[in-house]
Structures are given as C-alpha cells and as structure tokens.
file protein_7.cif (mmCIF, C-alpha atoms)
data_final
#
loop_
_atom_site.label_atom_id
_atom_site.label_comp_id
_atom_site.auth_asym_id
_atom_site.auth_seq_id
_atom_site.Cartn_x
_atom_site.Cartn_y
_atom_site.Cartn_z
CA MET A 1 46.87 -16.78 87.18
CA LYS A 2 46.87 -16.19 90.92
CA GLY A 3 45.25 -18.93 92.97
CA ASP A 4 45.31 -21.49 90.17
CA PHE A 5 46.33 -24.27 92.53
CA PHE A 6 43.40 -23.72 94.88
CA ALA A 7 41.02 -23.35 91.94
CA ARG A 8 42.28 -26.68 90.60
CA CYS A 9 41.70 -28.28 94.01
CA ARG A 10 38.22 -26.84 94.15
CA GLY A 11 37.64 -28.08 90.59
CA LEU A 12 38.67 -31.57 91.69
CA TRP A 13 36.20 -31.35 94.57
CA TYR A 14 33.38 -30.35 92.19
CA THR A 15 34.42 -33.12 89.77
CA PHE A 16 34.24 -35.61 92.63
CA LYS A 17 30.92 -34.24 93.88
CA TYR A 18 29.02 -33.94 90.61
CA GLN A 19 30.62 -36.74 88.55
CA TYR A 20 30.85 -39.48 91.15
CA ILE A 21 28.31 -38.65 93.88
CA PHE A 22 25.43 -36.90 92.08
CA GLY A 23 26.26 -38.35 88.64
CA ASN A 24 25.06 -35.34 86.63
CA ALA A 25 28.37 -34.10 85.20
CA VAL A 26 31.12 -35.45 82.96
CA VAL A 27 34.44 -33.66 83.34
CA GLU A 28 36.81 -34.43 80.45
CA GLY A 29 39.80 -32.36 81.54
CA PRO A 30 40.99 -30.12 84.36
CA LEU A 31 38.29 -27.87 85.80
CA TYR A 32 39.26 -24.62 87.55
CA ALA A 33 36.70 -23.34 90.04
CA TYR A 34 37.36 -19.86 91.42
CA ALA A 35 33.74 -19.57 92.58
CA ARG A 36 30.93 -21.85 93.70
CA LEU A 37 29.47 -24.16 91.08
CA GLU A 38 25.92 -25.44 91.44
CA ILE A 39 24.43 -28.14 89.22
CA LYS A 40 20.83 -29.17 89.88
CA GLY A 41 18.45 -31.55 88.17
CA PRO A 42 18.45 -34.92 86.43
CA GLY A 43 20.27 -34.09 83.13
CA LYS A 44 23.95 -34.07 82.21
CA VAL A 45 26.65 -31.39 82.00
CA VAL A 46 29.75 -32.12 79.89
CA PHE A 47 32.78 -29.99 80.68
CA GLY A 48 35.73 -29.84 78.25
CA SER A 49 39.25 -29.35 79.51
CA ASN A 50 40.42 -26.14 81.20
CA VAL A 51 36.94 -24.75 81.81
CA ARG A 52 37.08 -21.85 84.27
CA ILE A 53 34.30 -21.11 86.76
CA LEU A 54 34.69 -17.50 87.94
CA PRO A 55 32.61 -15.11 90.06
CA THR A 56 31.03 -12.17 88.22
CA ALA A 57 33.32 -9.47 86.85
CA PHE A 58 32.55 -7.18 89.81
CA GLY A 59 32.84 -9.89 92.46
CA GLY A 60 30.40 -12.15 94.23
CA ASP A 61 27.74 -14.54 92.92
CA TYR A 62 28.27 -18.05 91.56
CA VAL A 63 27.62 -20.21 88.51
CA SER A 64 24.37 -22.16 88.51
CA LEU A 65 23.48 -24.79 85.90
CA TYR A 66 19.91 -26.08 86.20
CA LEU A 67 18.84 -29.14 84.22
CA ASN A 68 15.07 -29.48 84.09
CA HIS A 69 14.71 -32.77 82.18
CA ARG A 70 16.25 -36.24 82.16
CA GLU A 71 17.55 -35.82 78.62
CA SER A 72 18.74 -32.24 78.90
CA ILE A 73 22.43 -31.74 78.20
CA ILE A 74 24.79 -28.77 78.58
CA ARG A 75 28.08 -29.00 76.68
CA ILE A 76 30.84 -26.58 77.66
CA GLY A 77 33.83 -26.49 75.30
CA ASN A 78 37.55 -26.41 76.06
CA ASN A 79 38.96 -23.22 77.60
CA ALA A 80 35.49 -21.73 78.08
CA VAL A 81 35.03 -19.16 80.88
CA LEU A 82 31.80 -18.83 82.89
CA ARG A 83 31.58 -15.75 85.12
CA GLY A 84 28.55 -15.98 87.38
CA THR A 85 26.42 -17.41 84.56
CA ARG A 86 22.89 -18.71 85.14
CA VAL A 87 21.74 -21.52 82.85
CA GLY A 88 18.35 -23.22 82.66
CA CYS A 89 18.32 -26.20 80.29
CA GLU A 90 15.43 -28.32 78.95
CA SER A 91 16.88 -29.92 75.80
CA SER A 92 20.40 -28.88 74.82
CA ILE A 93 22.74 -25.92 75.34
CA GLU A 94 26.13 -25.80 73.69
CA ILE A 95 28.87 -23.35 74.66
CA GLY A 96 31.76 -23.40 72.17
CA ASP A 97 35.50 -23.64 72.73
CA GLY A 98 37.05 -20.53 74.25
CA ALA A 99 33.71 -18.73 74.70
CA VAL A 100 33.40 -16.22 77.55
CA VAL A 101 30.00 -15.84 79.22
CA GLU A 102 29.56 -13.00 81.72
CA SER A 103 26.80 -12.98 84.35
CA ALA A 104 24.17 -13.62 81.68
CA SER A 105 21.09 -15.84 81.60
CA LEU A 106 20.97 -18.70 79.10
CA PHE A 107 17.77 -20.72 78.68
CA ASP A 108 16.50 -22.94 75.86
CA THR A 109 12.89 -23.00 77.04
CA ASP A 110 10.09 -20.64 78.04
CA PHE A 111 9.61 -22.61 81.33
CA HIS A 112 5.79 -22.20 81.05
CA HIS A 113 3.12 -22.34 78.39
CA ILE A 114 1.95 -18.97 77.08
CA ASP A 115 -1.70 -20.06 77.38
CA ALA A 116 -2.86 -19.27 80.95
CA SER A 117 -5.11 -22.33 81.18
CA ARG A 118 -2.20 -24.69 80.37
CA ARG A 119 0.48 -22.90 82.36
CA ASP A 120 0.98 -25.66 84.93
CA GLU A 121 1.33 -28.52 82.41
CA VAL A 122 5.06 -29.11 82.60
CA ASP A 123 5.45 -30.89 79.23
CA GLU A 124 3.70 -28.23 77.19
CA LYS A 125 6.34 -25.52 76.95
CA ALA A 126 8.25 -24.30 73.89
CA VAL A 127 11.76 -25.73 73.66
CA LYS A 128 14.53 -25.18 71.12
CA PRO A 129 18.28 -25.89 71.51
CA LEU A 130 20.69 -23.00 71.98
CA VAL A 131 24.21 -22.71 70.58
CA ILE A 132 26.95 -20.22 71.49
CA GLY A 133 29.77 -20.32 68.95
CA ALA A 134 33.45 -20.82 69.62
CA GLY A 135 35.25 -17.75 70.91
CA ALA A 136 32.01 -15.76 71.32
CA TYR A 137 31.56 -13.25 74.14
CA VAL A 138 28.24 -12.83 75.95
CA GLY A 139 28.24 -9.54 77.86
CA TRP A 140 27.06 -8.32 81.24
CA GLU A 141 23.43 -9.26 82.09
CA CYS A 142 22.60 -10.47 78.58
CA CYS A 143 19.73 -12.85 77.93
CA VAL A 144 20.14 -15.65 75.38
CA GLY A 145 16.82 -17.37 74.86
CA LYS A 146 15.58 -20.48 73.07
CA GLY A 147 16.62 -21.16 69.48
CA ALA A 148 19.42 -18.58 69.49
CA HIS A 149 22.57 -19.42 67.56
CA LEU A 150 25.36 -16.98 68.29
CA GLY A 151 28.06 -17.10 65.61
CA ALA A 152 31.72 -17.75 66.29
CA ASP A 153 33.84 -14.85 67.61
CA SER A 154 30.83 -12.53 67.89
CA VAL A 155 30.39 -10.07 70.77
CA MET A 156 27.13 -9.38 72.62
CA LEU A 157 27.26 -5.96 74.29
CA PRO A 158 25.69 -5.57 77.78
CA ASN A 159 21.90 -5.89 78.30
CA THR A 160 21.33 -7.52 74.89
CA LEU A 161 18.52 -10.02 74.30
CA LEU A 162 18.83 -12.73 71.63
CA THR A 163 16.14 -15.33 70.85
CA TRP A 164 15.09 -17.39 67.80
CA LYS A 165 17.87 -15.97 65.69
CA THR A 166 21.00 -17.16 63.94
CA THR A 167 23.77 -14.59 63.69
CA GLY A 168 26.84 -14.74 61.50
CA PRO A 169 30.41 -14.91 62.76
CA ASP A 170 32.30 -11.80 63.96
CA ALA A 171 29.08 -9.82 64.60
CA VAL A 172 28.63 -7.18 67.34
CA LEU A 173 25.12 -7.29 68.78
CA ILE A 174 23.17 -4.71 70.77
CA GLY A 175 19.54 -4.02 71.68
CA VAL A 176 16.32 -5.66 72.84
CA PRO A 177 15.81 -7.67 70.63
CA GLY A 178 19.42 -7.91 69.50
CA ARG A 179 20.50 -6.38 66.19
CA VAL A 180 23.86 -6.45 64.48
CA LEU A 181 25.71 -3.16 64.96
CA MET B 1 23.23 8.94 113.11
CA ARG B 2 23.51 7.22 109.74
CA VAL B 3 25.57 10.09 108.39
CA SER B 4 28.03 9.93 111.27
CA LEU B 5 28.33 6.16 110.80
CA ALA B 6 29.02 6.74 107.11
CA VAL B 7 31.68 9.34 107.92
CA GLY B 8 33.24 6.89 110.38
CA ARG B 9 33.29 4.19 107.76
CA GLY B 10 34.96 6.70 105.43
CA PHE B 11 37.72 7.21 108.02
CA LEU B 12 38.13 3.43 108.32
CA PHE B 13 38.50 3.22 104.55
CA ARG B 14 41.21 5.92 104.67
CA LEU B 15 42.96 4.04 107.47
CA LYS B 16 42.89 0.90 105.33
CA LEU B 17 44.41 2.85 102.43
CA ILE B 18 47.19 4.19 104.69
CA LEU B 19 47.99 0.81 106.22
CA TRP B 20 47.76 -1.16 103.01
CA ASP B 21 49.23 1.67 100.90
CA PRO B 22 48.32 0.71 97.33
CA GLY B 23 49.60 4.14 96.25
CA ASN B 24 47.18 4.46 93.34
CA VAL B 25 44.05 5.69 95.13
CA SER B 26 43.48 9.29 96.21
CA ILE B 27 40.28 10.52 97.84
CA GLY B 28 39.25 14.10 98.70
CA LYS B 29 37.61 15.47 101.85
CA GLY B 30 34.22 14.43 103.23
CA LEU B 31 34.07 10.78 102.19
CA ARG B 32 30.86 9.03 103.28
CA ILE B 33 30.44 5.28 102.84
CA TYR B 34 26.97 4.05 103.81
CA SER B 35 27.71 0.38 103.08
CA SER B 36 31.09 -0.40 101.49
CA LEU B 37 33.41 0.59 98.66
CA TYR B 38 35.65 -1.77 96.70
CA ILE B 39 38.59 -0.49 94.67
CA ARG B 40 40.66 -3.16 92.95
CA GLY B 41 43.42 -3.28 90.35
CA PRO B 42 46.71 -1.61 89.42
CA GLY B 43 45.38 1.60 87.76
CA LYS B 44 44.90 5.09 89.22
CA VAL B 45 41.66 6.06 90.97
CA ILE B 46 41.16 9.76 91.83
CA ILE B 47 38.01 10.67 93.76
CA GLY B 48 37.03 14.28 94.57
CA ASN B 49 35.52 15.91 97.68
CA ASN B 50 32.17 15.01 99.29
CA PHE B 51 31.89 11.60 97.66
CA SER B 52 29.17 9.42 99.11
CA THR B 53 28.25 5.87 98.25
CA ASN B 54 25.66 3.30 99.24
CA ARG B 55 24.53 -0.10 98.08
CA ASN B 56 21.61 -0.40 95.70
CA ILE B 57 19.65 -3.64 95.04
CA PHE B 58 22.28 -5.70 96.91
CA LYS B 59 25.08 -4.37 94.70
CA GLU B 60 28.08 -2.61 96.24
CA THR B 61 30.01 0.16 94.54
CA THR B 62 33.00 -1.48 92.83
CA ILE B 63 35.78 0.21 90.85
CA LEU B 64 38.05 -2.15 88.89
CA THR B 65 41.13 -1.17 86.87
CA HIS B 66 42.75 -3.73 84.61
CA HIS B 67 45.94 -1.98 83.46
CA PRO B 68 48.60 0.16 85.21
CA ASP B 69 47.88 3.03 82.77
CA ALA B 70 44.13 3.05 83.50
CA VAL B 71 42.75 6.24 85.10
CA VAL B 72 39.37 6.67 86.80
CA ARG B 73 38.77 10.34 87.65
CA ILE B 74 35.65 11.19 89.68
CA GLY B 75 34.73 14.83 90.49
CA ASP B 76 33.25 16.50 93.57
CA GLY B 77 29.89 15.91 95.23
CA ASN B 78 28.97 12.64 93.55
CA TYR B 79 26.53 10.09 94.90
CA PHE B 80 27.16 6.49 93.76
CA GLY B 81 24.57 3.83 94.55
CA GLY B 82 25.90 0.39 93.61
CA VAL B 83 27.93 1.61 90.65
CA HIS B 84 30.17 -0.88 88.84
CA ILE B 85 33.12 0.63 86.97
CA SER B 86 35.51 -1.45 84.85
CA CYS B 87 38.38 0.64 83.48
CA VAL B 88 41.05 -0.38 80.99
CA ARG B 89 42.02 3.03 79.62
CA LYS B 90 40.26 6.13 80.98
CA ILE B 91 36.93 7.05 82.60
CA GLU B 92 36.13 10.64 83.60
CA ILE B 93 33.08 11.56 85.66
CA GLY B 94 32.25 15.22 86.41
CA ASP B 95 30.75 16.93 89.47
CA ASN B 96 27.43 16.51 91.33
CA ASN B 97 26.26 13.39 89.50
CA LEU B 98 23.62 10.98 90.78
CA LEU B 99 24.42 7.42 89.73
CA GLY B 100 22.34 4.40 90.69
CA ASN B 101 23.30 0.82 89.86
CA THR B 102 25.08 1.79 86.67
CA VAL B 103 27.69 -0.29 84.86
CA ILE B 104 30.34 1.88 83.21
CA LEU B 105 32.65 0.03 80.83
CA ASP B 106 35.38 1.51 78.63
CA SER B 107 35.88 -1.77 76.78
CA ASP B 108 33.42 -4.06 74.99
CA ILE B 109 34.91 -7.07 76.74
CA ILE B 110 35.50 -7.01 80.50
CA PRO B 111 38.97 -8.60 80.81
CA HIS B 112 39.04 -11.79 82.85
CA PRO B 113 42.02 -12.73 85.02
CA ASN B 114 43.79 -15.06 82.59
CA MET B 115 43.35 -12.75 79.60
CA LYS B 116 46.29 -10.69 78.37
CA VAL B 117 45.54 -6.95 78.22
CA ASP B 118 48.17 -5.20 76.10
CA ARG B 119 48.36 -2.19 73.76
CA ASP B 120 46.91 -3.98 70.72
CA TRP B 121 44.00 -5.33 72.74
CA MET B 122 43.31 -1.83 74.10
CA GLU B 123 43.45 -0.30 70.61
CA LYS B 124 40.96 -2.85 69.37
CA TRP B 125 38.44 -3.03 72.19
CA SER B 126 38.54 0.11 74.35
CA ARG B 127 37.76 3.84 74.11
CA ALA B 128 37.66 6.45 76.89
CA VAL B 129 34.33 7.34 78.56
CA VAL B 130 33.44 10.90 79.64
CA ILE B 131 30.40 11.80 81.77
CA GLY B 132 29.60 15.50 82.37
CA ASN B 133 28.28 17.37 85.41
CA ASN B 134 24.84 17.11 87.09
CA THR B 135 23.84 13.97 85.21
CA TRP B 136 21.46 11.33 86.53
CA LEU B 137 21.97 7.71 85.49
CA ALA B 138 19.06 5.62 86.75
CA VAL B 139 18.88 2.00 87.79
CA ASN B 140 20.25 -0.90 85.66
CA THR B 141 21.81 1.36 83.04
CA VAL B 142 24.99 0.68 81.10
CA VAL B 143 27.43 3.19 79.63
CA LEU B 144 29.47 1.59 76.84
CA LYS B 145 32.95 2.41 75.55
CA GLY B 146 33.71 5.69 73.77
CA VAL B 147 30.53 7.42 75.01
CA THR B 148 30.47 11.11 76.00
CA LEU B 149 27.42 12.16 78.02
CA GLY B 150 26.90 15.95 78.22
CA ASP B 151 25.94 18.02 81.27
CA GLU B 152 22.52 17.45 82.88
CA CYS B 153 21.80 14.30 80.87
CA VAL B 154 19.27 11.81 82.23
CA LEU B 155 19.66 8.16 81.26
CA SER B 156 16.44 6.39 82.16
CA ALA B 157 16.18 3.00 83.81
CA GLY B 158 17.35 -0.07 81.92
CA SER B 159 18.80 1.82 78.96
CA VAL B 160 22.22 1.39 77.39
CA ALA B 161 24.12 4.51 76.26
CA ALA B 162 26.01 3.46 73.12
CA ALA B 163 26.48 6.83 71.35
CA ASP B 164 27.39 10.39 72.38
CA ALA B 165 24.61 12.55 73.85
CA GLU B 166 24.36 16.34 73.78
CA PRO B 167 23.80 18.27 77.07
CA ARG B 168 20.33 18.23 78.71
CA SER B 169 18.95 15.22 76.84
CA LEU B 170 16.62 12.60 78.25
CA LEU B 171 17.80 9.25 76.92
CA LEU B 172 15.73 6.07 76.69
CA GLY B 173 16.06 2.61 75.13
CA VAL B 174 18.59 -0.05 74.17
CA PRO B 175 20.62 1.48 72.52
CA ALA B 176 19.58 4.85 74.05
CA ARG B 177 18.09 7.61 71.90
CA LYS B 178 17.24 11.18 72.86
CA ILE B 179 13.48 11.53 73.32
CA LYS B 180 13.32 15.09 74.65
CA SER B 181 15.16 17.82 76.52
CA THR B 182 15.33 17.90 80.31
CA ARG B 183 14.70 21.67 80.33
CA GLU B 184 11.22 23.04 79.60
CA ASP B 185 12.47 26.22 77.91
CA ALA B 186 15.22 24.63 75.80
#

call {"tool": "encode", "arguments": {"input": "protein_7.cif", "output": "structure tokens"}}
result
Amino acid sequence: MKGDFFARCRGLWYTFKYQYIFGNAVVEGPLYAYARLEIKGPGKVVFGSNVRILPTAFGGDYVSLYLNHRESIIRIGNNAVLRGTRVGCESSIEIGDGAVVESASLFDTDFHHIDASRRDEVDEKAVKPLVIGAGAYVGWECCVGKGAHLGADSVMLPNTLLTWKTTGPDAVLIGVPGRVL
Amino acid sequence: MRVSLAVGRGFLFRLKLILWDPGNVSIGKGLRIYSSLYIRGPGKVIIGNNFSTNRNIFKETTILTHHPDAVVRIGDGNYFGGVHISCVRKIEIGDNNLLGNTVILDSDIIPHPNMKVDRDWMEKWSRAVVIGNNTWLAVNTVVLKGVTLGDECVLSAGSVAAADAEPRSLLLGVPARKIKSTREDA
C-alpha cells in the first residue's frame, strides 16, 4: 500500500508516545498509522500486530479511543483496520482479528444513569463488555452499544444500531435496532 | 457575489483537471462549487451541466471510485450538499436531484486501501445503484447497493434505502419503507 513506510514511522511515534510516555497502550507488533490516533484516559489499549489506523472512508477525521476507568481495556486483534472509529470504554471492548470498523461509535457503557436524580454519580451507570468477532465488518456511522456481541465474519450495514444482543456468525445486520437480514 | 465566487471556483477546478489530467473525469457546462469537490480513484466520473455543490454539516462532497471499470454518471441540474459516493461498479443519478449529506454505496463493504478488489469480490459484494429524476434525499441518508429509486422519490432524514422504491414515494425508516405518495392526487 502507498505510504506504508511513513505510516510505519508514524506508528512507531504513536507506540513511543502512548506505550512509553503516557503508558496507556501496549503495542505487540507493527502499528501502521495513516491518520491521527488519540488515546485518552487511565485504562489500557492492547494492539495486536499489523493494526491499521486509517482516516474515514471519505477522508478526514481520526481515530479516538477513550478509556474512562482505571481497569478499562480495549483489545484490538491482529490485522484489524480502524477507519475514523470512536470508542468509549468503561470495562472491556474486544475487536477481533482482521475486523474492519468504519467511522462507527463503539461504547460499552451508557455514560450516565437513566434516573435523572442520580445522573451525576459517575459509578452508577450500566456497563457490559462488548465483543466484535474476527473478520466482522462494522459499517458507516454504525452504533455498537453495551453488551453487543457481533459474530465472526458478519456485516453491519450503514446506520445500524446493535445493543444487548448476540448475533451468530456470517449474519448481515440492518436497522435500528439491528435485525438479521 | 457568492454565485460568482462559486463559478470561479468551478473554473479553478477545471484548470486543476486540465493541468493534472486524470483523464477519467468529465464535467458539463455551468459548474458551481460553493466550497470544494473531491474526486478520487481510477474509475470514470461523468457529471452533467449546471452541477452545483456545497458543504453540509462540515462534510464536503466526495466521489470515490475503487476500480478502473467503475462508472459514476450524474445528470444535469443536480445540487449536491456534502454527498459521499463510493463506487465499485456503477452508480447512475438522473436530472434535477436535490441531495443533502447522503452516502451512496454500491457495495456493502467500502474497500479499504490494502484490500484487493477483483471480479469475485465485486460479484459477491456489489450491485449497481440507480437514482431517478427530481428526487430529494434528505440529511444523513444512506442508499445501499442494488437499490433503484424512482422519479420524484423523497427519502426522509436519517433513513436507509435498502430496497427498490416506485416513483413518487415518500420513504421513511431504517430500512426505508414507503409511507405515502408525494403527490396528492396519486
């Protein structure tokens, strides 16, 4: 791919920055960064080898991984591709090997309590880990919410919402909330 | 004033095409670019007369082609506000359409740069998209692969067209269904 060398250099810079200076990432293999990568918060991000950080499919934007808790962990498998993805993590998010995530939002928490009187109590929100299977594809502007388990090799079409649901392998999902086509 | 600026920017875009000479882009008369227009990729892009484009919610109009055989054909008198087009095979758009912040895809998966797009992949994942004349696609809509939208269709905001629609239908939902006709008498 064009510009691999520069992406590798940029990946090394991000490895240096987040693994050794900020200490909130573990990079297990080469990381290719074609776009900006932003990791914020006290948790940990574990990158497999050959992870690619790309801008969105139509250009612009960057990948942001936000870790809201000390014990929150994001695992990104080998050969995974993130294209302008936004991730908010409270407990655990797992992206499988070879998965492709477009400019979608992934979050394993509601961020706030649904009761208005307890909305500001930070420890009182609903949390459930999120798993994206190996080889899965999450489409343009999808939302994957807490407790979702996307099966291996399944495809989420654009603007799909998936929460609290386990889907089988090789499924094609569409709709709000997502249904198998 | 704004119109003359847009016409000037259209001429600059033409000048860029002549100097850079990609050879796969042809644009008709009366091009107006109110913010900017991005055309990328090896496929053919044919744009008709009186095409005008602007940005919409910070998104610029972008036309991507991923294969040398891909064809994007856009008719006369269209207005594109922040439209994103990703073409692998074929996308045809008719005349006098009003498109705002739409994503038009003719494949389920948008190919990424280190993905191999060949015949088998195209057979499996992509179908041609056809959009008729005088349609209106509102903000944050998506048109998926293999969809044919008839003349004078209206796709309302946030909906995803996943199946064919007959002419003069008002479409709503994810996936979009026809809820009524856009003509009172029909």

call {"tool": "interface_residues", "arguments": {"input": "protein_7.cif", "of": "chain A", "to": "chain B", "cutoff": "9 Å", "atoms": "only C-alpha atoms", "output": "MDAnalysis selection string"}}
result
chainID A and resid 1:2 54 57:59 81 83 100 102 137:140 155:160 174:177

call {"tool": "residues_around", "arguments": {"input": "protein_7.cif", "residues": "Leu137 in chain B", "least_positions_apart": "3", "cutoff": "7 Å", "atoms": "all atoms listed in the file", "output": "list of chain:residue names"}}
result
B:Leu98, B:Leu99, B:Gly100, B:Thr102, B:Thr141, B:Val154, B:Leu155, B:Ser156

call {"tool": "residues_around", "arguments": {"input": "protein_7.cif", "residues": "Phe6 in chain A", "least_positions_apart": "5", "cutoff": "12 Å", "atoms": "all atoms listed in the file", "output": "mmCIF file with C-alpha atoms, in the frame of the given file"}}
result
data_model
loop_
_atom_site.group_PDB
_atom_site.id
_atom_site.type_symbol
_atom_site.label_atom_id
_atom_site.label_comp_id
_atom_site.auth_asym_id
_atom_site.auth_seq_id
_atom_site.Cartn_x
_atom_site.Cartn_y
_atom_site.Cartn_z
ATOM 1 C CA MET A 1 46.870 -16.780 87.180
ATOM 2 C CA GLY A 11 37.640 -28.080 90.590
ATOM 3 C CA LEU A 12 38.670 -31.570 91.690
ATOM 4 C CA TRP A 13 36.200 -31.350 94.570
ATOM 5 C CA LEU A 31 38.290 -27.870 85.800
ATOM 6 C CA TYR A 32 39.260 -24.620 87.550
ATOM 7 C CA ALA A 33 36.700 -23.340 90.040
ATOM 8 C CA TYR A 34 37.360 -19.860 91.420
ATOM 9 C CA ALA A 35 33.740 -19.570 92.580
#

call {"tool": "atom_distance", "arguments": {"input": "protein_7.cif", "atom1": "CA of Ala152 in chain A", "atom2": "CA of Pro169 in chain A"}}
result
4.7 Å

call {"tool": "resolve_selection", "arguments": {"input": "protein_7.cif", "expression": "the PyMOL selection byres ((chain A and resi 95) around 6)", "output": "number ranges by chain"}}
result
A: 76-77, 94, 96, 132

call {"tool": "resolve_selection", "arguments": {"input": "protein_7.cif", "expression": "the PyMOL selection byres ((chain A and resi 91) around 8)", "output": "ChimeraX atom specification"}}
result
/A:69,71-73,89-90,92-93,108,127-129

call {"tool": "axis_aligned_box", "arguments": {"input": "protein_7.cif", "around": "range 55-67 of chain A", "padding_each_side": "6 Å", "output": "lines of an AutoDock Vina configuration file"}}
result
center_x = 26.1
center_y = -18.2
center_z = 89.2
size_x = 26.5
size_y = 34.0
size_z = 22.0

call {"tool": "residues_around", "arguments": {"input": "protein_7.cif", "residues": "Gly23 in chain B", "least_positions_apart": "4", "cutoff": "9 Å", "atoms": "all atoms listed in the file", "output": "number ranges by chain"}}
result
B: 17-18, 44

call {"tool": "residues_around", "arguments": {"input": "protein_7.cif", "residues": "Asn133 in chain B", "least_positions_apart": "2", "cutoff": "10 Å", "atoms": "all atoms listed in the file", "output": "PyMOL selection string"}}
result
chain B and resi 75-76+78+93-98+131+135-136+149-153+167

call {"tool": "build_atoms", "arguments": {"input": "protein_7.cif", "residues": "range 24-47 of chain A", "atoms": "N, CA and C atoms", "output": "mmCIF file, in the coordinates of the input"}}
result
data_model
loop_
_atom_site.group_PDB
_atom_site.id
_atom_site.type_symbol
_atom_site.label_atom_id
_atom_site.label_comp_id
_atom_site.auth_asym_id
_atom_site.auth_seq_id
_atom_site.Cartn_x
_atom_site.Cartn_y
_atom_site.Cartn_z
ATOM 1 N N ASN A 24 25.636 -36.158 87.700
ATOM 2 C CA ASN A 24 25.060 -35.340 86.630
ATOM 3 C C ASN A 24 26.086 -34.463 85.912
ATOM 4 N N ALA A 25 27.364 -34.830 85.970
ATOM 5 C CA ALA A 25 28.370 -34.100 85.200
ATOM 6 C C ALA A 25 29.405 -35.068 84.657
ATOM 7 N N VAL A 26 29.979 -34.713 83.506
ATOM 8 C CA VAL A 26 31.120 -35.450 82.960
ATOM 9 C C VAL A 26 32.226 -34.439 82.754
ATOM 10 N N VAL A 27 33.341 -34.608 83.445
ATOM 11 C CA VAL A 27 34.440 -33.660 83.340
ATOM 12 C C VAL A 27 35.554 -34.323 82.543
ATOM 13 N N GLU A 28 35.856 -33.782 81.346
ATOM 14 C CA GLU A 28 36.810 -34.430 80.450
ATOM 15 C C GLU A 28 38.243 -33.988 80.673
ATOM 16 N N GLY A 29 38.438 -32.838 81.308
ATOM 17 C CA GLY A 29 39.800 -32.360 81.540
ATOM 18 C C GLY A 29 39.830 -31.559 82.819
ATOM 19 N N PRO A 30 40.933 -30.890 83.118
ATOM 20 C CA PRO A 30 40.990 -30.120 84.360
ATOM 21 C C PRO A 30 39.936 -29.015 84.407
ATOM 22 N N LEU A 31 39.316 -28.884 85.569
ATOM 23 C CA LEU A 31 38.290 -27.870 85.800
ATOM 24 C C LEU A 31 38.804 -26.915 86.866
ATOM 25 N N TYR A 32 38.785 -25.612 86.591
ATOM 26 C CA TYR A 32 39.260 -24.620 87.550
ATOM 27 C C TYR A 32 38.054 -23.896 88.125
ATOM 28 N N ALA A 33 37.855 -23.990 89.422
ATOM 29 C CA ALA A 33 36.700 -23.340 90.040
ATOM 30 C C ALA A 33 37.174 -22.241 90.982
ATOM 31 N N TYR A 34 37.014 -20.999 90.569
ATOM 32 C CA TYR A 34 37.360 -19.860 91.420
ATOM 33 C C TYR A 34 36.147 -19.403 92.219
ATOM 34 N N ALA A 35 34.972 -19.926 91.862
ATOM 35 C CA ALA A 35 33.740 -19.570 92.580
ATOM 36 C C ALA A 35 32.919 -20.842 92.750
ATOM 37 N N ARG A 36 31.794 -20.703 93.463
ATOM 38 C CA ARG A 36 30.930 -21.850 93.700
ATOM 39 C C ARG A 36 30.283 -22.309 92.394
ATOM 40 N N LEU A 37 30.141 -23.592 92.251
ATOM 41 C CA LEU A 37 29.470 -24.160 91.080
ATOM 42 C C LEU A 37 28.288 -24.981 91.574
ATOM 43 N N GLU A 38 27.113 -24.717 91.006
ATOM 44 C CA GLU A 38 25.920 -25.440 91.440
ATOM 45 C C GLU A 38 25.269 -26.092 90.238
ATOM 46 N N ILE A 39 25.121 -27.405 90.284
ATOM 47 C CA ILE A 39 24.430 -28.140 89.220
ATOM 48 C C ILE A 39 23.239 -28.835 89.862
ATOM 49 N N LYS A 40 22.042 -28.580 89.309
ATOM 50 C CA LYS A 40 20.830 -29.170 89.880
ATOM 51 C C LYS A 40 20.038 -29.849 88.786
ATOM 52 N N GLY A 41 19.365 -30.917 89.105
ATOM 53 C CA GLY A 41 18.450 -31.550 88.170
ATOM 54 C C GLY A 41 18.986 -32.839 87.603
ATOM 55 N N PRO A 42 18.126 -33.561 86.842
ATOM 56 C CA PRO A 42 18.450 -34.920 86.430
ATOM 57 C C PRO A 42 19.269 -35.050 85.140
ATOM 58 N N GLY A 43 19.578 -33.975 84.422
ATOM 59 C CA GLY A 43 20.270 -34.090 83.130
ATOM 60 C C GLY A 43 21.759 -34.292 83.281
ATOM 61 N N LYS A 44 22.497 -33.896 82.216
ATOM 62 C CA LYS A 44 23.950 -34.070 82.210
ATOM 63 C C LYS A 44 24.633 -32.768 81.793
ATOM 64 N N VAL A 45 25.789 -32.496 82.421
ATOM 65 C CA VAL A 45 26.650 -31.390 82.000
ATOM 66 C C VAL A 45 27.977 -31.983 81.565
ATOM 67 N N VAL A 46 28.468 -31.615 80.376
ATOM 68 C CA VAL A 46 29.750 -32.120 79.890
ATOM 69 C C VAL A 46 30.733 -30.959 79.838
ATOM 70 N N PHE A 47 31.762 -31.028 80.672
ATOM 71 C CA PHE A 47 32.780 -29.990 80.680
ATOM 72 C C PHE A 47 33.952 -30.441 79.819
#
